[in-house]
file structure_11.cif (mmCIF, C-alpha atoms (C1' of nucleotides) and all ligand atoms)
data_upload
#
loop_
_atom_site.label_atom_id
_atom_site.label_comp_id
_atom_site.auth_asym_id
_atom_site.auth_seq_id
_atom_site.Cartn_x
_atom_site.Cartn_y
_atom_site.Cartn_z
CA MET A 439 20.11 50.82 32.13
CA ALA A 440 23.86 50.57 31.54
CA PRO A 441 23.37 49.02 28.12
CA VAL A 442 27.06 48.80 27.33
CA HIS A 443 27.84 46.86 30.47
CA HIS A 444 24.91 44.60 29.92
CA ARG A 445 25.97 43.99 26.33
CA LYS A 446 29.48 43.15 27.39
CA GLU A 447 28.32 40.54 29.85
CA VAL A 448 26.02 38.99 27.33
CA ASP A 449 28.81 38.80 24.74
CA GLU A 450 31.16 37.22 27.24
CA SER A 451 28.80 34.47 28.31
CA TYR A 452 27.83 33.90 24.68
CA ALA A 453 31.50 33.61 23.68
CA LYS A 454 32.31 31.33 26.60
CA GLU A 455 29.42 29.08 25.72
CA LYS A 456 30.52 28.81 22.10
CA GLU A 457 34.13 28.19 23.05
CA ALA A 458 33.00 25.32 25.27
CA ALA A 459 30.87 23.87 22.49
CA PHE A 460 33.81 24.04 20.11
CA ALA A 461 36.10 22.36 22.63
CA GLU A 462 33.57 19.58 22.95
CA PHE A 463 33.41 19.22 19.16
CA ILE A 464 37.19 18.99 18.97
CA GLN A 465 37.25 16.24 21.55
CA ARG A 466 34.36 14.39 20.01
CA LYS A 467 36.27 14.35 16.72
CA GLY A 468 39.48 13.18 18.39
CA LEU A 469 41.35 16.32 17.36
CA LYS A 470 43.94 18.11 19.44
CA THR A 471 43.40 21.23 21.46
CA THR A 472 45.80 23.94 20.34
CA ARG A 473 46.59 27.48 21.40
CA GLN A 474 46.04 28.78 17.89
CA ARG A 475 42.60 27.30 17.47
CA ASN A 476 41.57 28.51 20.92
CA THR A 477 42.75 32.01 20.10
CA ILE A 478 40.96 32.06 16.75
CA VAL A 479 37.71 30.71 18.15
CA ALA A 480 37.77 33.01 21.17
CA THR A 481 38.41 35.98 18.89
CA PHE A 482 35.72 35.00 16.42
CA PHE A 483 32.94 34.73 18.99
CA ARG A 484 33.80 38.14 20.37
CA MET A 485 33.32 39.78 16.98
CA ARG A 486 29.92 40.79 15.73
CA GLY A 487 28.39 40.69 12.30
CA HIS A 488 29.44 38.91 9.14
CA VAL A 489 33.18 38.51 9.51
CA SER A 490 35.58 38.00 6.61
CA VAL A 491 38.72 35.91 6.92
CA GLU A 492 40.93 38.96 6.68
CA GLU A 493 38.95 40.80 9.37
CA LEU A 494 39.23 37.80 11.65
CA LEU A 495 42.95 37.35 11.00
CA ASN A 496 43.55 41.02 11.80
CA GLU A 497 41.87 40.60 15.17
CA VAL A 498 43.59 37.29 15.84
CA LYS A 499 47.01 38.79 15.18
CA LYS A 500 46.45 41.23 18.04
CA ALA A 501 46.48 38.25 20.39
CA ASN A 502 49.10 36.20 18.56
CA SER A 503 50.81 37.78 15.60
CA ARG A 504 52.41 34.53 14.47
CA ILE A 505 49.08 32.95 13.47
CA GLY A 506 48.69 32.89 9.71
CA TYR A 507 45.95 32.62 7.11
CA ALA A 508 46.16 28.84 6.79
CA THR A 509 45.23 28.20 10.40
CA VAL A 510 42.41 30.73 10.31
CA TYR A 511 40.96 29.11 7.19
CA ARG A 512 41.33 25.67 8.71
CA THR A 513 39.73 26.68 11.98
CA LEU A 514 36.82 28.35 10.21
CA HIS A 515 36.20 25.10 8.35
CA LEU A 516 36.06 23.30 11.68
CA LEU A 517 33.68 25.91 13.06
CA VAL A 518 31.40 25.39 10.08
CA GLU A 519 31.63 21.62 10.41
CA SER A 520 30.75 21.91 14.09
CA GLU A 521 27.65 23.86 13.04
CA LEU A 522 28.54 26.66 15.41
CA VAL A 523 29.19 28.96 12.47
CA GLU A 524 27.71 29.51 9.03
CA GLU A 525 29.47 30.60 5.91
CA ARG A 526 27.87 33.36 3.84
CA ARG A 527 28.67 34.78 0.46
CA PHE A 528 27.15 38.07 -0.51
CA GLY A 529 28.64 38.33 -3.96
CA ASP A 530 31.72 40.44 -3.23
CA GLY A 531 33.93 37.43 -3.81
CA LEU A 532 34.86 36.70 -0.25
CA ALA A 533 33.45 34.37 2.33
CA ARG A 534 31.96 35.76 5.51
CA TYR A 535 31.21 33.88 8.69
CA GLU A 536 28.66 34.36 11.40
CA GLY A 537 27.93 32.52 14.61
CA HIS A 538 24.41 31.25 14.94
CA SER A 539 22.38 33.72 16.89
CA ASP A 540 19.35 32.77 18.92
CA VAL A 541 17.29 33.02 15.77
CA GLU A 542 18.40 29.79 14.17
CA HIS A 543 17.81 30.82 10.57
CA HIS A 544 17.54 34.20 8.95
CA ASP A 545 17.93 35.90 5.59
CA HIS A 546 19.66 39.11 4.60
CA MET A 547 19.13 42.53 3.07
CA ILE A 548 22.38 44.09 1.86
CA CYS A 549 22.66 47.83 1.30
CA LEU A 550 24.82 48.39 -1.77
CA GLU A 551 25.54 51.96 -0.64
CA CYS A 552 26.74 51.62 2.96
CA GLY A 553 27.34 47.87 3.08
CA GLU A 554 25.03 47.36 6.03
CA ILE A 555 23.55 43.90 6.33
CA PHE A 556 20.07 43.64 7.83
CA GLU A 557 18.78 40.31 9.03
CA PHE A 558 15.22 39.17 8.93
CA PHE A 559 13.09 36.12 9.34
CA ASN A 560 9.54 35.59 8.22
CA PRO A 561 7.62 32.35 8.77
CA ARG A 562 5.21 33.04 5.91
CA LEU A 563 8.14 33.40 3.53
CA GLU A 564 9.59 30.13 4.73
CA ALA A 565 6.24 28.39 4.44
CA LEU A 566 5.71 29.74 0.95
CA GLN A 567 9.07 28.38 -0.15
CA GLU A 568 8.10 24.98 1.18
CA LYS A 569 4.84 25.13 -0.70
CA LEU A 570 6.58 26.02 -3.96
CA ALA A 571 9.08 23.21 -3.46
CA GLU A 572 6.23 20.80 -2.83
CA GLU A 573 4.60 21.86 -6.09
CA ASN A 574 7.82 21.06 -7.92
CA ASP A 575 8.24 17.72 -6.19
CA PHE A 576 11.34 19.05 -4.49
CA LYS A 577 12.75 18.67 -0.97
CA ILE A 578 14.55 21.74 0.39
CA PHE A 579 17.69 21.18 2.50
CA ARG A 580 18.60 24.82 2.81
CA HIS A 581 18.00 28.08 1.05
CA ARG A 582 19.49 31.49 0.61
CA LEU A 583 17.56 34.68 0.13
CA GLU A 584 19.37 37.95 -0.30
CA LEU A 585 17.75 41.28 -1.02
CA TYR A 586 20.20 43.73 -2.55
CA GLY A 587 19.26 47.38 -2.48
CA ALA A 588 19.64 50.48 -0.38
CA CYS A 589 18.58 51.95 2.93
CA LYS A 590 15.72 54.36 2.52
CA ASP A 591 17.09 56.66 5.21
CA PRO A 592 19.82 58.54 3.35
CA GLU A 593 21.32 60.08 6.48
CA ALA A 594 21.74 56.84 8.41
CA CYS A 595 23.11 55.22 5.25
CA ALA A 596 25.66 57.98 4.66
CA ASN A 597 26.80 57.79 8.28
CA ARG A 598 27.34 54.07 8.08
CA LYS A 599 29.16 54.44 4.78
CA GLN A 600 31.54 56.96 6.29
CA LYS A 601 32.11 54.80 9.33
CA ARG A 602 32.87 51.79 7.16
CA GLN A 603 35.35 53.66 4.99
CA ALA A 604 37.08 54.98 8.08
CA SER A 605 37.52 51.51 9.59
CA ALA A 606 38.61 50.11 6.22
CA GLY A 607 41.82 52.09 6.50
CA ASN A 608 43.10 50.29 9.61
CA MET B 1437 2.96 17.43 -32.99
CA ALA B 1438 6.54 17.42 -34.27
CA PRO B 1439 7.76 18.97 -31.03
CA VAL B 1440 11.39 18.87 -32.04
CA HIS B 1441 10.82 20.77 -35.24
CA HIS B 1442 8.65 23.30 -33.49
CA ARG B 1443 11.24 23.72 -30.76
CA LYS B 1444 13.98 24.26 -33.33
CA GLU B 1445 12.08 27.04 -35.04
CA VAL B 1446 11.32 28.74 -31.78
CA ASP B 1447 14.95 28.60 -30.74
CA GLU B 1448 16.06 29.98 -34.08
CA SER B 1449 13.82 33.02 -34.01
CA TYR B 1450 14.68 33.58 -30.37
CA ALA B 1451 18.39 33.42 -31.15
CA LYS B 1452 18.06 35.69 -34.17
CA GLU B 1453 16.17 38.24 -32.12
CA LYS B 1454 18.81 38.24 -29.40
CA GLU B 1455 21.64 38.47 -31.92
CA ALA B 1456 19.99 41.52 -33.43
CA ALA B 1457 19.52 43.13 -30.04
CA PHE B 1458 23.19 42.54 -29.24
CA ALA B 1459 24.27 44.02 -32.59
CA GLU B 1460 22.23 47.09 -31.77
CA PHE B 1461 23.84 47.34 -28.34
CA ILE B 1462 27.30 47.11 -29.88
CA GLN B 1463 26.53 49.93 -32.27
CA ARG B 1464 24.90 52.04 -29.62
CA LYS B 1465 28.08 51.76 -27.57
CA GLY B 1466 30.31 52.60 -30.56
CA LEU B 1467 32.05 49.23 -30.44
CA LYS B 1468 33.15 47.21 -33.41
CA THR B 1469 31.39 44.25 -34.91
CA THR B 1470 33.67 41.24 -34.94
CA ARG B 1471 33.46 37.65 -36.16
CA GLN B 1472 34.43 36.30 -32.73
CA ARG B 1473 31.74 38.18 -30.84
CA ASN B 1474 29.14 37.21 -33.39
CA THR B 1475 30.13 33.57 -33.12
CA ILE B 1476 30.07 33.63 -29.33
CA VAL B 1477 26.72 35.40 -29.15
CA ALA B 1478 25.13 33.21 -31.79
CA THR B 1479 26.37 30.11 -29.99
CA PHE B 1480 25.23 31.30 -26.58
CA PHE B 1481 21.64 31.99 -27.60
CA ARG B 1482 21.37 28.55 -29.15
CA MET B 1483 22.30 26.87 -25.88
CA ARG B 1484 19.74 26.21 -23.20
CA GLY B 1485 19.96 26.37 -19.45
CA HIS B 1486 22.53 27.92 -17.18
CA VAL B 1487 25.70 27.90 -19.20
CA SER B 1488 29.20 28.02 -17.72
CA VAL B 1489 32.08 29.75 -19.47
CA GLU B 1490 33.76 26.45 -20.19
CA GLU B 1491 30.60 24.95 -21.65
CA LEU B 1492 30.18 27.98 -23.87
CA LEU B 1493 33.80 27.95 -25.00
CA ASN B 1494 33.53 24.27 -25.88
CA GLU B 1495 30.56 24.99 -28.13
CA VAL B 1496 32.18 28.10 -29.59
CA LYS B 1497 35.30 26.19 -30.53
CA LYS B 1498 33.23 23.92 -32.78
CA ALA B 1499 32.53 26.95 -34.94
CA ASN B 1500 35.92 28.62 -34.56
CA SER B 1501 38.59 26.75 -32.67
CA ARG B 1502 40.89 29.75 -32.49
CA ILE B 1503 38.61 31.67 -30.11
CA GLY B 1504 39.98 31.66 -26.58
CA TYR B 1505 38.77 32.16 -23.03
CA ALA B 1506 39.56 35.87 -22.92
CA THR B 1507 37.17 36.75 -25.72
CA VAL B 1508 34.42 34.56 -24.29
CA TYR B 1509 34.75 36.24 -20.90
CA ARG B 1510 34.82 39.68 -22.50
CA THR B 1511 31.79 38.96 -24.66
CA LEU B 1512 29.82 37.59 -21.71
CA HIS B 1513 30.49 40.83 -19.85
CA LEU B 1514 29.09 42.73 -22.80
CA LEU B 1515 26.04 40.47 -22.87
CA VAL B 1516 25.44 41.13 -19.19
CA GLU B 1517 25.95 44.86 -19.67
CA SER B 1518 23.47 44.80 -22.54
CA GLU B 1519 20.98 43.18 -20.16
CA LEU B 1520 20.35 40.39 -22.60
CA VAL B 1521 21.98 37.93 -20.24
CA GLU B 1522 22.14 37.44 -16.49
CA GLU B 1523 24.99 36.05 -14.48
CA ARG B 1524 24.18 33.44 -11.85
CA ARG B 1525 26.27 31.82 -9.17
CA PHE B 1526 24.96 28.69 -7.55
CA GLY B 1527 27.81 28.15 -5.14
CA ASP B 1528 29.94 25.73 -7.13
CA GLY B 1529 32.51 28.45 -7.69
CA LEU B 1530 31.81 29.16 -11.32
CA ALA B 1531 29.68 31.75 -13.02
CA ARG B 1532 26.75 30.64 -15.12
CA TYR B 1533 24.90 32.68 -17.68
CA GLU B 1534 21.35 32.59 -18.94
CA GLY B 1535 19.48 34.58 -21.52
CA HIS B 1536 16.36 36.25 -20.25
CA SER B 1537 13.41 34.09 -21.05
CA ASP B 1538 9.92 35.43 -21.54
CA VAL B 1539 9.46 35.30 -17.81
CA GLU B 1540 11.52 38.32 -16.91
CA HIS B 1541 12.49 37.27 -13.42
CA HIS B 1542 12.61 33.90 -11.74
CA ASP B 1543 14.27 32.09 -8.88
CA HIS B 1544 15.89 28.68 -8.71
CA MET B 1545 15.74 25.28 -7.02
CA ILE B 1546 18.99 23.36 -7.37
CA CYS B 1547 19.09 19.60 -6.91
CA LEU B 1548 22.33 18.73 -5.14
CA GLU B 1549 22.06 15.15 -6.38
CA CYS B 1550 21.54 15.43 -10.12
CA GLY B 1551 22.43 19.08 -10.60
CA GLU B 1552 19.12 19.94 -12.21
CA ILE B 1553 18.05 23.54 -11.89
CA PHE B 1554 14.32 24.22 -11.67
CA GLU B 1555 13.01 27.70 -12.23
CA PHE B 1556 10.01 29.22 -10.57
CA PHE B 1557 8.26 32.49 -10.08
CA ASN B 1558 5.66 33.37 -7.50
CA PRO B 1559 4.09 36.81 -7.21
CA ARG B 1560 3.16 36.33 -3.54
CA LEU B 1561 6.78 35.57 -2.73
CA GLU B 1562 7.89 38.71 -4.53
CA ALA B 1563 5.23 40.79 -2.81
CA LEU B 1564 6.17 39.41 0.58
CA GLN B 1565 9.79 40.37 0.02
CA GLU B 1566 8.70 43.89 -0.83
CA LYS B 1567 6.64 44.05 2.32
CA LEU B 1568 9.54 42.90 4.46
CA ALA B 1569 11.84 45.42 2.82
CA GLU B 1570 9.31 48.15 3.49
CA GLU B 1571 9.20 47.21 7.16
CA ASN B 1572 12.98 47.59 7.32
CA ASP B 1573 12.94 50.90 5.50
CA PHE B 1574 14.79 49.27 2.63
CA LYS B 1575 14.49 49.59 -1.15
CA ILE B 1576 15.13 46.37 -3.12
CA PHE B 1577 17.02 46.64 -6.41
CA ARG B 1578 17.31 42.92 -7.02
CA HIS B 1579 17.22 39.72 -5.08
CA ARG B 1580 18.38 36.15 -5.24
CA LEU B 1581 16.53 33.19 -3.87
CA GLU B 1582 17.96 29.74 -4.23
CA LEU B 1583 16.50 26.58 -2.77
CA TYR B 1584 19.08 23.83 -2.44
CA GLY B 1585 17.82 20.30 -2.01
CA ALA B 1586 16.87 17.23 -3.98
CA CYS B 1587 14.29 15.99 -6.43
CA LYS B 1588 11.67 13.89 -4.69
CA ASP B 1589 11.43 11.53 -7.67
CA PRO B 1590 14.51 9.32 -7.18
CA GLU B 1591 14.24 7.70 -10.59
CA ALA B 1592 14.09 10.92 -12.59
CA CYS B 1593 16.90 12.30 -10.44
CA ALA B 1594 19.14 9.27 -10.97
CA ASN B 1595 18.53 9.42 -14.71
CA ARG B 1596 19.52 13.06 -14.88
CA LYS B 1597 22.57 12.40 -12.75
CA GLN B 1598 23.73 9.64 -15.09
CA LYS B 1599 23.10 11.81 -18.13
CA ARG B 1600 25.07 14.67 -16.61
CA GLN B 1601 28.04 12.49 -15.74
CA ALA B 1602 28.04 11.05 -19.25
CA SER B 1603 28.12 14.46 -20.91
CA ALA B 1604 30.74 15.68 -18.42
CA GLY B 1605 33.27 13.35 -20.01
CA ASN B 1606 33.21 15.01 -23.41
"C1'" DT C 1228 42.04 52.83 -48.64
"C1'" DG C 1229 44.85 54.78 -44.81
"C1'" DG C 1230 45.22 54.91 -40.40
"C1'" DA C 1231 43.33 55.81 -35.78
"C1'" DT C 1232 41.08 52.79 -32.94
"C1'" DT C 1233 39.33 48.38 -31.19
"C1'" DG C 1234 39.59 43.72 -30.57
"C1'" DC C 1235 42.10 39.41 -30.47
"C1'" DG C 1236 44.61 35.41 -28.23
"C1'" DA C 1237 48.34 33.45 -25.52
"C1'" DA C 1238 50.29 34.00 -21.58
"C1'" DA C 1239 50.90 36.19 -17.29
"C1'" DA C 1240 48.82 38.22 -13.39
"C1'" DC C 1241 45.32 38.27 -9.96
"C1'" DC C 1242 42.95 36.97 -5.76
"C1'" DG C 1243 40.74 34.29 -2.48
"C1'" DT C 1244 41.38 29.86 -0.96
"C1'" DT C 1245 43.65 25.28 -0.41
"C1'" DT C 1246 47.55 22.33 -0.13
"C1'" DT C 1247 52.31 21.06 0.72
"C1'" DC C 1248 56.04 20.17 3.64
"C1'" DA C 1249 59.33 20.45 7.21
"C1'" DA C 1250 59.28 21.84 11.87
"C1'" DT C 1251 56.64 21.83 16.20
"C1'" DA C 1252 53.09 20.72 19.51
"C1'" DT C 1253 49.79 17.54 21.55
"C1'" DC C 1254 48.60 13.79 24.38
"C1'" DC C 1255 48.10 8.76 25.31
"C1'" DA C 1256 50.34 4.57 26.87
"C1'" DC C 1257 53.71 3.42 29.52
"C1'" DG D 1334 56.58 12.52 33.75
"C1'" DT D 1335 58.53 10.74 29.04
"C1'" DG D 1336 58.59 8.73 24.44
"C1'" DG D 1337 56.78 8.65 20.45
"C1'" DA D 1338 52.85 8.14 17.22
"C1'" DT D 1339 49.97 11.51 15.44
"C1'" DA D 1340 48.04 15.99 14.58
"C1'" DT D 1341 48.91 20.88 13.80
"C1'" DT D 1342 51.29 24.85 12.35
"C1'" DG D 1343 53.02 28.62 9.17
"C1'" DA D 1344 55.42 30.03 5.05
"C1'" DA D 1345 55.28 29.35 0.68
"C1'" DA D 1346 53.62 27.22 -3.36
"C1'" DA D 1347 49.72 25.62 -5.83
"C1'" DC D 1348 45.06 26.07 -7.36
"C1'" DG D 1349 41.11 27.53 -10.24
"C1'" DG D 1350 38.27 30.80 -12.05
"C1'" DT D 1351 38.66 35.23 -13.83
"C1'" DT D 1352 41.02 39.48 -15.46
"C1'" DT D 1353 44.74 41.92 -17.51
"C1'" DT D 1354 48.68 42.61 -20.48
"C1'" DC D 1355 50.79 43.19 -24.76
"C1'" DG D 1356 52.05 42.70 -29.51
"C1'" DC D 1357 49.58 41.66 -33.65
"C1'" DA D 1358 45.27 41.72 -36.50
"C1'" DA D 1359 40.79 43.42 -37.77
"C1'" DT D 1360 37.37 47.10 -38.07
"C1'" DC D 1361 35.48 51.10 -40.03
"C1'" DC D 1362 35.16 56.09 -40.86
"C1'" DA D 1363 37.03 60.17 -43.30
MN MN E 1701 23.34 36.97 9.23
MN MN E 1702 17.32 30.52 -14.54
ZN ZN E 1703 22.80 51.80 3.46
ZN ZN E 1704 17.79 15.66 -8.79
#

call {"tool": "encode", "arguments": {"input": "structure_11.cif", "output": "structure tokens", "more": "lines below"}}
Ligand SMILES: [Mn+2]
Ligand SMILES: [Mn+2]
Ligand SMILES: [Zn+2]
Ligand SMILES: [Zn+2]
result
Amino acid sequence: MAPVHHRKEVDESYAKEKEAAFAEFIQRKGLKTTRQRNTIVATFFRMRGHVSVEELLNEVKKANSRIGYATVYRTLHLLVESELVEERRFGDGLARYEGHSDVEHHDHMICLECGEIFEFFNPRLEALQEKLAEENDFKIFRHRLELYGACKDPEACANRKQKRQASAGN
Amino acid sequence: MAPVHHRKEVDESYAKEKEAAFAEFIQRKGLKTTRQRNTIVATFFRMRGHVSVEELLNEVKKANSRIGYATVYRTLHLLVESELVEERRFGDGLARYEGHSDVEHHDHMICLECGEIFEFFNPRLEALQEKLAEENDFKIFRHRLELYGACKDPEACANRKQKRQASAGN
DNA sequence: TGGATTGCGAAAACCGTTTTCAATATCCAC
DNA sequence: GTGGATATTGAAAACGGTTTTCGCAATCCA
């Protein structure tokens, strides 16, 4: 099985692929290749989940402690513009970023207890939205659906909560 | 027909009802009745749509120009706490508030061209969300669904856009 | 009606994000 | 390779919506 090893390889090739796509975007736009941007992008695509700017900067600083907020913000904007990354806002006042996974689009359930974010996709839901838009003579460009609530499994939820609070105190 | 007159009466009784409910909430909480809060609440429930703080303050100042932002913000928090009003955020960086209409819950379509906000409610959509939550062992407390796009009727959209830009320059 | 308690408004603080600006790095034409 | 036009960087300041502070004013119960 060796799931950890497998996972690591998958992450690496995924990250490499995204880094290459970003490099191509940079060239296509006539922008310059810089160490800082490369570091930030490489770091980002090796993180999982819905990453805040601060979380990303903390990781980035491990590779190059001189990189500051401004460059991280600027690079994230480029990543969004390149469509390699999407910005999310789950109502806690800060932007979070995620790389597109294989599932192109998905929505989110956010546990207000442990902070876990579950992703889901349902074609019927998507179709129903289209139908409702049609009825209102409306053309959808994009949508956001967020279900706020709580995990039903109290044990798993409590564990995650603990884990999160532990990692919050870096 | 006299739709305007009819509308006015409906709004008045609606506003009066909400004002009374807020007064009751204030007493229940042991807070004091003040002119400023009454003015703000009375003004709010006579406005339609999804009202920003600035829009509300502008209206409020017509009745009492000495009222400032702080009191408007504080009163809106009370209105939300009383559950007479809901806060919305449609991604333009500012909070908007709406009184509960007869339809208790609804979702939104936002035209990115003219800024119009259409409201809708669909029981199948709600049920489907519940089903998906169930499958993920998740209990929904609340949700937000926003469809961003554009009106299909270009004329109506352009008219609304013009109207909005006109009223923006107060 | 006194007086403890709340609420008020102007201004300052807050907080995540964006912009400024002087110094530095990139990279294309030579 | 090198010069030099151009883009990028990082610290710090600015921004914009919201919250908090603080001294004064209003509320309201005994
Ligand atoms: Mn996601
Ligand atoms: Mn609404
Ligand atoms: Zn949970
Ligand atoms: Zn429109």

call {"tool": "atom_distance", "arguments": {"input": "structure_11.cif", "atom1": "CA of Glu1549 in chain B", "atom2": "CA of Arg1482 in chain B"}}
result
26.4 Å

call {"tool": "residues_around", "arguments": {"input": "structure_11.cif", "residues": "range 578-590 of chain A", "least_positions_apart": "3", "cutoff": "9 Å", "atoms": "only C-alpha atoms (C1' of nucleotides)", "output": "NGL selection string"}}
result
(:A and (528 or 544-554 or 567-568 or 571-572 or 593-595)) or (:B and (1545 or 1547 or 1565 or 1569-1570 or 1572-1587))

call {"tool": "calpha_fit_rmsd", "arguments": {"input": "structure_11.cif", "fixed": "chain A", "moving": "chain B"}}
result
0.1 Å

call {"tool": "interface_residues", "arguments": {"input": "structure_11.cif", "of": "chain C", "to": "chain B", "cutoff": "9 Å", "atoms": "all atoms listed in the file", "output": "list in words"}}
result
DT1233, DG1234, DC1235, DG1236 and DA1237 of chain C

call {"tool": "interface_residues", "arguments": {"input": "structure_11.cif", "of": "chain D", "to": "chain B", "cutoff": "8 Å", "atoms": "all atoms listed in the file", "output": "PyMOL selection string"}}
result
chain D and resi 1350+1359-1360

call {"tool": "atom_distance", "arguments": {"input": "structure_11.cif", "atom1": "CA of Glu521 in chain A", "atom2": "CA of Val448 in chain A"}}
result
20.9 Å

call {"tool": "atom_distance", "arguments": {"input": "structure_11.cif", "atom1": "CA of Ser451 in chain A", "atom2": "CA of Glu497 in chain A"}}
result
19.5 Å

call {"tool": "closest_atom_pairs", "arguments": {"input": "structure_11.cif", "of": "chain A", "to": "ligand MN 1701 (chain E)", "cutoff": "8 Å", "atoms": "all atoms listed in the file", "output": "JSON lines"}}
result
{"residue": "A:Gly487", "atom": "CA", "partner": "E:MN1701", "partner_atom": "MN", "distance": 7.0}
{"residue": "A:His488", "atom": "CA", "partner": "E:MN1701", "partner_atom": "MN", "distance": 6.4}
{"residue": "A:Arg526", "atom": "CA", "partner": "E:MN1701", "partner_atom": "MN", "distance": 7.9}
{"residue": "A:Glu536", "atom": "CA", "partner": "E:MN1701", "partner_atom": "MN", "distance": 6.3}
{"residue": "A:His544", "atom": "CA", "partner": "E:MN1701", "partner_atom": "MN", "distance": 6.4}
{"residue": "A:Asp545", "atom": "CA", "partner": "E:MN1701", "partner_atom": "MN", "distance": 6.6}
{"residue": "A:His546", "atom": "CA", "partner": "E:MN1701", "partner_atom": "MN", "distance": 6.3}
{"residue": "A:Ile555", "atom": "CA", "partner": "E:MN1701", "partner_atom": "MN", "distance": 7.5}
{"residue": "A:Phe556", "atom": "CA", "partner": "E:MN1701", "partner_atom": "MN", "distance": 7.6}
{"residue": "A:Glu557", "atom": "CA", "partner": "E:MN1701", "partner_atom": "MN", "distance": 5.7}

call {"tool": "residues_near_point", "arguments": {"input": "structure_11.cif", "point": "(48.3, 23.9, -3.4)", "cutoff": "9 Å", "atoms": "only C-alpha atoms (C1' of nucleotides)", "output": "number ranges by chain"}}
result
C: 1245-1247; D: 1346-1348

call {"tool": "residues_around", "arguments": {"input": "structure_11.cif", "residues": "DA1238 in chain C", "least_positions_apart": "2", "cutoff": "10 Å", "atoms": "only C-alpha atoms (C1' of nucleotides)", "output": "compact mmCIF listing (two decimals) with C-alpha atoms (C1' of nucleotides), keeping the file's coordinate frame"}}
result
# COMPACT_ATOMS: atom_id res chain seq x y z
C1' DG C 1236 44.61 35.41 -28.23
C1' DA C 1240 48.82 38.22 -13.39
C1' DT D 1354 48.68 42.61 -20.48
C1' DC D 1355 50.79 43.19 -24.76

call {"tool": "residues_around", "arguments": {"input": "structure_11.cif", "residues": "range 458-462 of chain A", "least_positions_apart": "6", "cutoff": "9 Å", "atoms": "all atoms listed in the file", "output": "PyMOL selection string"}}
result
chain A and resi 471+476+479+516-517+520+522

call {"tool": "residues_around", "arguments": {"input": "structure_11.cif", "residues": "Leu563 in chain A", "least_positions_apart": "5", "cutoff": "10 Å", "atoms": "only C-alpha atoms (C1' of nucleotides)", "output": "PyMOL selection string"}}
result
(chain A and resi 568-569) or (chain B and resi 1560-1562+1564-1565+1568)

call {"tool": "write_last_selection", "arguments": {"input": "structure_11.cif", "atoms": "C-alpha atoms", "output": "PDB file, in the coordinates of the input"}}
result
ATOM      1  CA  GLU A 568       8.100  24.980   1.180  1.00  0.00           C
ATOM      2  CA  LYS A 569       4.840  25.130  -0.700  1.00  0.00           C
TER       3      LYS A 569
ATOM      4  CA  ARG B1560       3.160  36.330  -3.540  1.00  0.00           C
ATOM      5  CA  LEU B1561       6.780  35.570  -2.730  1.00  0.00           C
ATOM      6  CA  GLU B1562       7.890  38.710  -4.530  1.00  0.00           C
ATOM      7  CA  LEU B1564       6.170  39.410   0.580  1.00  0.00           C
ATOM      8  CA  GLN B1565       9.790  40.370   0.020  1.00  0.00           C
ATOM      9  CA  LEU B1568       9.540  42.900   4.460  1.00  0.00           C
TER      10      LEU B1568
END

call {"tool": "closest_residue", "arguments": {"input": "structure_11.cif", "among": "B:Ala1594, B:Ala1563, B:Asn1494, B:His1536", "to": "chain A", "atoms": "all atoms listed in the file"}}
result
B:Ala1563

call {"tool": "closest_residue", "arguments": {"input": "structure_11.cif", "among": "B:Tyr1533, B:Gln1598, B:Phe1557, B:Val1496", "to": "chain A", "atoms": "only C-alpha atoms"}}
result
B:Phe1557

call {"tool": "build_atoms", "arguments": {"input": "structure_11.cif", "residues": "range 1542-1550 of chain B", "atoms": "N, CA and C atoms", "output": "mmCIF file, in the coordinates of the input"}}
result
data_model
loop_
_atom_site.group_PDB
_atom_site.id
_atom_site.type_symbol
_atom_site.label_atom_id
_atom_site.label_comp_id
_atom_site.auth_asym_id
_atom_site.auth_seq_id
_atom_site.Cartn_x
_atom_site.Cartn_y
_atom_site.Cartn_z
ATOM 1 N N HIS B 1542 12.965 35.167 -12.374
ATOM 2 C CA HIS B 1542 12.610 33.900 -11.740
ATOM 3 C C HIS B 1542 13.673 33.511 -10.740
ATOM 4 N N ASP B 1543 13.330 32.596 -9.868
ATOM 5 C CA ASP B 1543 14.270 32.090 -8.880
ATOM 6 C C ASP B 1543 14.559 30.621 -9.188
ATOM 7 N N HIS B 1544 15.394 30.005 -8.351
ATOM 8 C CA HIS B 1544 15.890 28.680 -8.710
ATOM 9 C C HIS B 1544 15.841 27.675 -7.555
ATOM 10 N N MET B 1545 15.544 26.428 -7.910
ATOM 11 C CA MET B 1545 15.740 25.280 -7.020
ATOM 12 C C MET B 1545 16.832 24.439 -7.641
ATOM 13 N N ILE B 1546 17.847 24.112 -6.846
ATOM 14 C CA ILE B 1546 18.990 23.360 -7.370
ATOM 15 C C ILE B 1546 19.059 22.001 -6.682
ATOM 16 N N CYS B 1547 18.960 20.938 -7.471
ATOM 17 C CA CYS B 1547 19.090 19.600 -6.910
ATOM 18 C C CYS B 1547 20.560 19.274 -6.710
ATOM 19 N N LEU B 1548 20.927 18.989 -5.454
ATOM 20 C CA LEU B 1548 22.330 18.730 -5.140
ATOM 21 C C LEU B 1548 22.746 17.328 -5.561
ATOM 22 N N GLU B 1549 21.776 16.504 -5.916
ATOM 23 C CA GLU B 1549 22.060 15.150 -6.380
ATOM 24 C C GLU B 1549 22.380 15.127 -7.875
ATOM 25 N N CYS B 1550 21.410 15.571 -8.663
ATOM 26 C CA CYS B 1550 21.540 15.430 -10.120
ATOM 27 C C CYS B 1550 21.959 16.736 -10.782
#
